[in-house]
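Here's the structure, in structure tokens; my notes come after.
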Amino acid sequence: MAREENRATTSTRIRTPETPTPAKPAPRAWTTRLLIAGIVLTALNLRPAITSLGALLEEVRDALGMSGSVAGLLTSVPPLCFAVFGVTAPRLARRFGPGAVVCAGMVAITAGLLIRPYAGGTAGFLAASALTLMGIAVSNVLMPVIVKRWFPDRVGSMTGLYSMALALGTASAAAVTVPMTEALGGSWQIGLAVWGALGAAAVLPWLPFVRDRGTAPAEDPHARVDAPRLRVTRSRTAWALAVYFGLQATGAYITMGWMAQIFRDSGVHAGTAGLLLAVTMVMGVPLAFVIPRLATRLPHQGPIVLALGACGLAGYAGLYLAPAGGSWLWALLLGISNCSFPLALTMVGMRARTSAGVAQLSGFAQSTGYLISIPGPLLVGVLYQHSGGWGLPIALMAGLMIPQMAVGVLAGRDRTVEAEATR
């Protein structure tokens, strides 16, 4: 007996150096900080390509000879690219790892932003924009996956941080693009290309994760991204969430692409119109952090959906009746309404139990949703050109808010896609 105990002790001593020691938490803490930095920098890059163009849309149209309909097509390119390329993100993540795909997405954003202003002609401008939007699309889909995978016990707070950074990047591009362009000599090409520097900075934190394809330390090994696929199309909640995502994206991209022009046409100075768009976007900075945390504490997110929708209806009514007179208030109300986006992202994380489920639900909801949103900005451009005013486009925006609120209430129910797909 004593000999056996001695052998066990000796064996334990021999194996002890090979086992992980308590000194390992330091690299894990460093990895966590690097992930948080990557998430924040990625979020900052997911909208400047769109809102910087919205602020300079009139200058770009004049330089490239775009009609109102072609400009409407240009504002429809983002949801089209998000629908086409976003659906590939879960498959790419299973093959290469989420970190590698997001890193490649940041490279694509940087390259597209630098090439776009100097591509020459409308076709080249659209092609370079598509490259940028491809990077945004895959990163859009994989951000909820990375949050669920690495921070499963902090979905609300991390989604809030990501959404807050996204809103900050959106608002910053809307606010500073025009004055920055003027300060750099008035060239719209430089005003658009300068945002490529922010994209380059976002590549760096993801480089250590390019070869990481395994399970995150905090995650259940049975909940990997390469787990068996669910048939999410069998889930009513998945469909409700996809339609909600699509309708809120329609309103958001119409706002980002056209709201500054609405104010400019009502007599507001171009710089002030950019600031008003920035106010709309900057409202997402504090609310995008608060709303996800509140949503994760409620069994049903329907009341939040209804409150945000009511603000949107009030904002559209103001734009229709007195666009210049109450411009700051309308921008504020529409900014609150646009926080449907972080709410939708939070519900994606809540409506699935595992990171595999979140990956599939995120890919389905965002790709389907962005597909739904494609006609909206284009239709606004056509209505604006043929009606000669903003009455019909604003009526369309307000009308879409009603079904958005209805499907948002359905998507906010306490269900999971795994349970519904299994049934």
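Chain labels run A, B, ... following the order of the structure tokens; each chain numbers its residues from 1, and ligands are numbered from 1 in the order shown.
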Any idea what's packed within 12 Å of A:Phe151, counting only C-alpha atoms, ignoring anything in its chain fewer than 3 positions away? Could you give it as a PDB file with C-alpha atoms, in the first residue's frame?
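out_13.pdb, written as the output of this step:
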```pdb
ATOM      1  CA  THR A  32      -9.511  39.153 -23.358  1.00  0.00           C
ATOM      2  CA  ARG A  33      -8.259  42.738 -23.532  1.00  0.00           C
ATOM      3  CA  LEU A  35     -10.502  40.758 -28.039  1.00  0.00           C
ATOM      4  CA  ILE A  36     -12.305  43.716 -26.499  1.00  0.00           C
ATOM      5  CA  ILE A  39     -14.477  44.226 -31.044  1.00  0.00           C
ATOM      6  CA  MET A 143     -19.767  40.031 -34.003  1.00  0.00           C
ATOM      7  CA  PRO A 144     -22.683  38.386 -32.098  1.00  0.00           C
ATOM      8  CA  VAL A 145     -20.930  35.030 -32.597  1.00  0.00           C
ATOM      9  CA  ILE A 146     -17.673  36.297 -31.089  1.00  0.00           C
ATOM     10  CA  VAL A 147     -19.549  37.852 -28.161  1.00  0.00           C
ATOM     11  CA  LYS A 148     -21.450  34.625 -27.478  1.00  0.00           C
ATOM     12  CA  ARG A 154     -21.791  38.939 -20.590  1.00  0.00           C
ATOM     13  CA  VAL A 155     -23.855  38.970 -23.777  1.00  0.00           C
ATOM     14  CA  GLY A 156     -25.800  42.091 -22.809  1.00  0.00           C
ATOM     15  CA  SER A 157     -22.852  44.220 -21.678  1.00  0.00           C
ATOM     16  CA  MET A 158     -20.552  43.180 -24.545  1.00  0.00           C
ATOM     17  CA  THR A 159     -23.291  43.657 -27.143  1.00  0.00           C
ATOM     18  CA  ALA A 216     -13.056  29.651 -26.614  1.00  0.00           C
ATOM     19  CA  PRO A 217     -11.948  29.152 -22.991  1.00  0.00           C
ATOM     20  CA  ALA A 218     -15.286  30.196 -21.542  1.00  0.00           C
ATOM     21  CA  GLU A 219     -17.346  28.096 -23.943  1.00  0.00           C
ATOM     22  CA  ASP A 220     -18.823  24.644 -23.712  1.00  0.00           C
ATOM     23  CA  GLY A 349     -27.785  36.461 -28.901  1.00  0.00           C
ATOM     24  CA  THR A 354     -25.094  28.141 -28.197  1.00  0.00           C
ATOM     25  CA  SER A 355     -22.563  30.001 -30.310  1.00  0.00           C
TER      26      SER A 355
END
```
Go through stretch 151-192 of chain A and flag each residue having an atom no more than 7 Å from stretch 269-276 of chain A; for those, report the closest pair of atoms plus their distance in Å to one decimal, using only C-alpha atoms, ordered by chain and rising number, as JSON lines.
```
{"residue": "A:Ala174", "atom": "CA", "partner": "A:Gly274", "partner_atom": "CA", "distance": 5.6}
{"residue": "A:Ala175", "atom": "CA", "partner": "A:Leu275", "partner_atom": "CA", "distance": 4.9}
{"residue": "A:Val178", "atom": "CA", "partner": "A:Gly271", "partner_atom": "CA", "distance": 6.3}
```
Those residues with C-alpha atoms, as a compact mmCIF listing (two decimals), in the first residue's frame please?
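Writing done, so here's result-v4.txt:
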```
# COMPACT_ATOMS: atom_id res chain seq x y z
CA ALA A 174 -21.52 61.89 -40.18
CA ALA A 175 -20.35 64.82 -38.05
CA VAL A 178 -17.81 67.65 -44.17
```
Could you find all residues in stretch 304-397 of chain A that DSSP calls helix (DSSP H, G or I) from the backbone, and write them as a ChimeraX atom specification? /A:304-321,327-337,340-350,355-373,375-387,391-397
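Here the question is which of A:Gly363, A:Gly38, A:Gly318, A:Gly120 gets nearest to A:Ala200 using only C-alpha atoms, and that residue is A:Gly38.
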Quick one: residues within 7 Å of stretch 304-307 of chain A, only C-alpha atoms, excluding same-chain residues fewer than 3 positions away - as a compact mmCIF listing (two decimals) with C-alpha atoms, in the first residue's frame?
```txt
# COMPACT_ATOMS: atom_id res chain seq x y z
CA GLN A 301 -38.45 42.65 -25.34
CA ALA A 310 -43.27 55.31 -31.30
CA CYS A 311 -40.22 57.60 -31.35
CA MET A 405 -43.25 47.08 -34.42
CA GLY A 408 -40.51 43.01 -33.22
CA VAL A 409 -43.04 42.05 -30.56
```
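The residue that comes closest to A:Met259, out of A:Ala127, A:Ala43, A:Val279, A:Val417 and on the basis of only C-alpha atoms, is A:Val279.
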I want to know what sits within 8 Å of A:Met347, based on only C-alpha atoms, with residues of the same chain fewer than 5 positions away left out; could you give that as a list in words?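 So, after excluding close chain neighbours, the residues are Leu241, Ala295, Ala411 and Gly412 of chain A.
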If I take atom CA of A:Pro79 and atom CA of A:Ser340, how far is one from the other in Å, to one decimal? 16.1 Å
Calculate how many Å separate atom CA of A:Leu142 from atom CA of A:Pro303, rounding to one decimal.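 About the pair atom CA of A:Leu142 and atom CA of A:Pro303: they are 27.1 Å apart.
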Near-stretch 98-110 of chain A list (7 Å; only C-alpha atoms; drop same-chain fewer than 4 positions) as a VMD selection string: chain A and resid 92 to 93 114 131 to 133 135 to 136 138 to 139 142 146 196 199 to 200 202 to 203 206 to 207 209 to 212
Output file for the selection above: N, CA and C atoms, as a PDB file, in the first residue's frame:
```pdb
ATOM      1  N   LEU A  92     -17.681  30.474 -43.532  1.00  0.00           N
ATOM      2  CA  LEU A  92     -16.280  30.893 -43.466  1.00  0.00           C
ATOM      3  C   LEU A  92     -15.741  30.767 -42.051  1.00  0.00           C
ATOM      4  N   ALA A  93     -16.579  31.090 -41.065  1.00  0.00           N
ATOM      5  CA  ALA A  93     -16.138  30.989 -39.669  1.00  0.00           C
ATOM      6  C   ALA A  93     -15.867  29.546 -39.279  1.00  0.00           C
ATOM      7  N   LEU A 114      -9.955  53.067 -49.475  1.00  0.00           N
ATOM      8  CA  LEU A 114      -8.840  53.760 -50.135  1.00  0.00           C
ATOM      9  C   LEU A 114      -8.995  53.799 -51.649  1.00  0.00           C
ATOM     10  N   LEU A 131     -16.600  46.079 -52.257  1.00  0.00           N
ATOM     11  CA  LEU A 131     -15.489  45.443 -51.533  1.00  0.00           C
ATOM     12  C   LEU A 131     -15.520  45.840 -50.058  1.00  0.00           C
ATOM     13  N   THR A 132     -15.696  47.136 -49.806  1.00  0.00           N
ATOM     14  CA  THR A 132     -15.797  47.600 -48.417  1.00  0.00           C
ATOM     15  C   THR A 132     -16.980  46.963 -47.713  1.00  0.00           C
ATOM     16  N   LEU A 133     -18.113  46.943 -48.391  1.00  0.00           N
ATOM     17  CA  LEU A 133     -19.337  46.430 -47.776  1.00  0.00           C
ATOM     18  C   LEU A 133     -19.273  44.920 -47.567  1.00  0.00           C
ATOM     19  N   GLY A 135     -16.577  43.363 -46.523  1.00  0.00           N
ATOM     20  CA  GLY A 135     -15.919  43.253 -45.221  1.00  0.00           C
ATOM     21  C   GLY A 135     -16.839  43.595 -44.083  1.00  0.00           C
ATOM     22  N   ILE A 136     -17.681  44.606 -44.267  1.00  0.00           N
ATOM     23  CA  ILE A 136     -18.643  44.976 -43.227  1.00  0.00           C
ATOM     24  C   ILE A 136     -19.652  43.856 -43.016  1.00  0.00           C
ATOM     25  N   VAL A 138     -19.518  40.452 -43.424  1.00  0.00           N
ATOM     26  CA  VAL A 138     -19.097  39.279 -42.658  1.00  0.00           C
ATOM     27  C   VAL A 138     -18.832  39.657 -41.198  1.00  0.00           C
ATOM     28  N   SER A 139     -18.321  40.861 -40.975  1.00  0.00           N
ATOM     29  CA  SER A 139     -18.068  41.294 -39.599  1.00  0.00           C
ATOM     30  C   SER A 139     -19.368  41.538 -38.861  1.00  0.00           C
ATOM     31  N   LEU A 142     -20.619  38.139 -37.698  1.00  0.00           N
ATOM     32  CA  LEU A 142     -19.790  37.394 -36.755  1.00  0.00           C
ATOM     33  C   LEU A 142     -19.595  38.100 -35.407  1.00  0.00           C
ATOM     34  N   ILE A 146     -18.863  36.116 -31.919  1.00  0.00           N
ATOM     35  CA  ILE A 146     -17.673  36.297 -31.089  1.00  0.00           C
ATOM     36  C   ILE A 146     -18.063  36.651 -29.662  1.00  0.00           C
ATOM     37  N   GLY A 196     -10.063  55.200 -44.360  1.00  0.00           N
ATOM     38  CA  GLY A 196      -9.313  53.953 -44.478  1.00  0.00           C
ATOM     39  C   GLY A 196      -8.289  53.762 -43.377  1.00  0.00           C
ATOM     40  N   GLY A 199      -9.813  51.821 -40.617  1.00  0.00           N
ATOM     41  CA  GLY A 199      -9.901  50.407 -40.965  1.00  0.00           C
ATOM     42  C   GLY A 199      -8.583  49.688 -40.776  1.00  0.00           C
ATOM     43  N   ALA A 200      -7.483  50.352 -41.151  1.00  0.00           N
ATOM     44  CA  ALA A 200      -6.161  49.729 -40.984  1.00  0.00           C
ATOM     45  C   ALA A 200      -5.865  49.463 -39.512  1.00  0.00           C
ATOM     46  N   ALA A 202      -7.954  48.690 -37.256  1.00  0.00           N
ATOM     47  CA  ALA A 202      -8.778  47.575 -36.770  1.00  0.00           C
ATOM     48  C   ALA A 202      -8.232  46.217 -37.184  1.00  0.00           C
ATOM     49  N   VAL A 203      -7.326  46.172 -38.145  1.00  0.00           N
ATOM     50  CA  VAL A 203      -6.751  44.886 -38.563  1.00  0.00           C
ATOM     51  C   VAL A 203      -5.854  44.311 -37.470  1.00  0.00           C
ATOM     52  N   TRP A 206      -6.760  41.680 -34.515  1.00  0.00           N
ATOM     53  CA  TRP A 206      -7.230  40.359 -34.922  1.00  0.00           C
ATOM     54  C   TRP A 206      -6.127  39.450 -35.438  1.00  0.00           C
ATOM     55  N   LEU A 207      -4.943  39.988 -35.676  1.00  0.00           N
ATOM     56  CA  LEU A 207      -3.860  39.171 -36.228  1.00  0.00           C
ATOM     57  C   LEU A 207      -3.521  37.962 -35.350  1.00  0.00           C
ATOM     58  N   PHE A 209      -5.443  36.153 -33.752  1.00  0.00           N
ATOM     59  CA  PHE A 209      -6.541  35.183 -33.772  1.00  0.00           C
ATOM     60  C   PHE A 209      -6.761  34.583 -35.157  1.00  0.00           C
ATOM     61  N   VAL A 210      -5.885  34.899 -36.090  1.00  0.00           N
ATOM     62  CA  VAL A 210      -6.057  34.410 -37.456  1.00  0.00           C
ATOM     63  C   VAL A 210      -5.994  32.889 -37.507  1.00  0.00           C
ATOM     64  N   ARG A 211      -5.139  32.273 -36.686  1.00  0.00           N
ATOM     65  CA  ARG A 211      -4.997  30.810 -36.696  1.00  0.00           C
ATOM     66  C   ARG A 211      -5.845  30.125 -35.633  1.00  0.00           C
ATOM     67  N   ASP A 212      -6.653  30.896 -34.902  1.00  0.00           N
ATOM     68  CA  ASP A 212      -7.461  30.326 -33.819  1.00  0.00           C
ATOM     69  C   ASP A 212      -8.760  29.773 -34.385  1.00  0.00           C
TER      70      ASP A 212
END
```
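Interatomic distance, atom CA of A:Leu230 against atom CA of A:Leu410: 20.4 Å.
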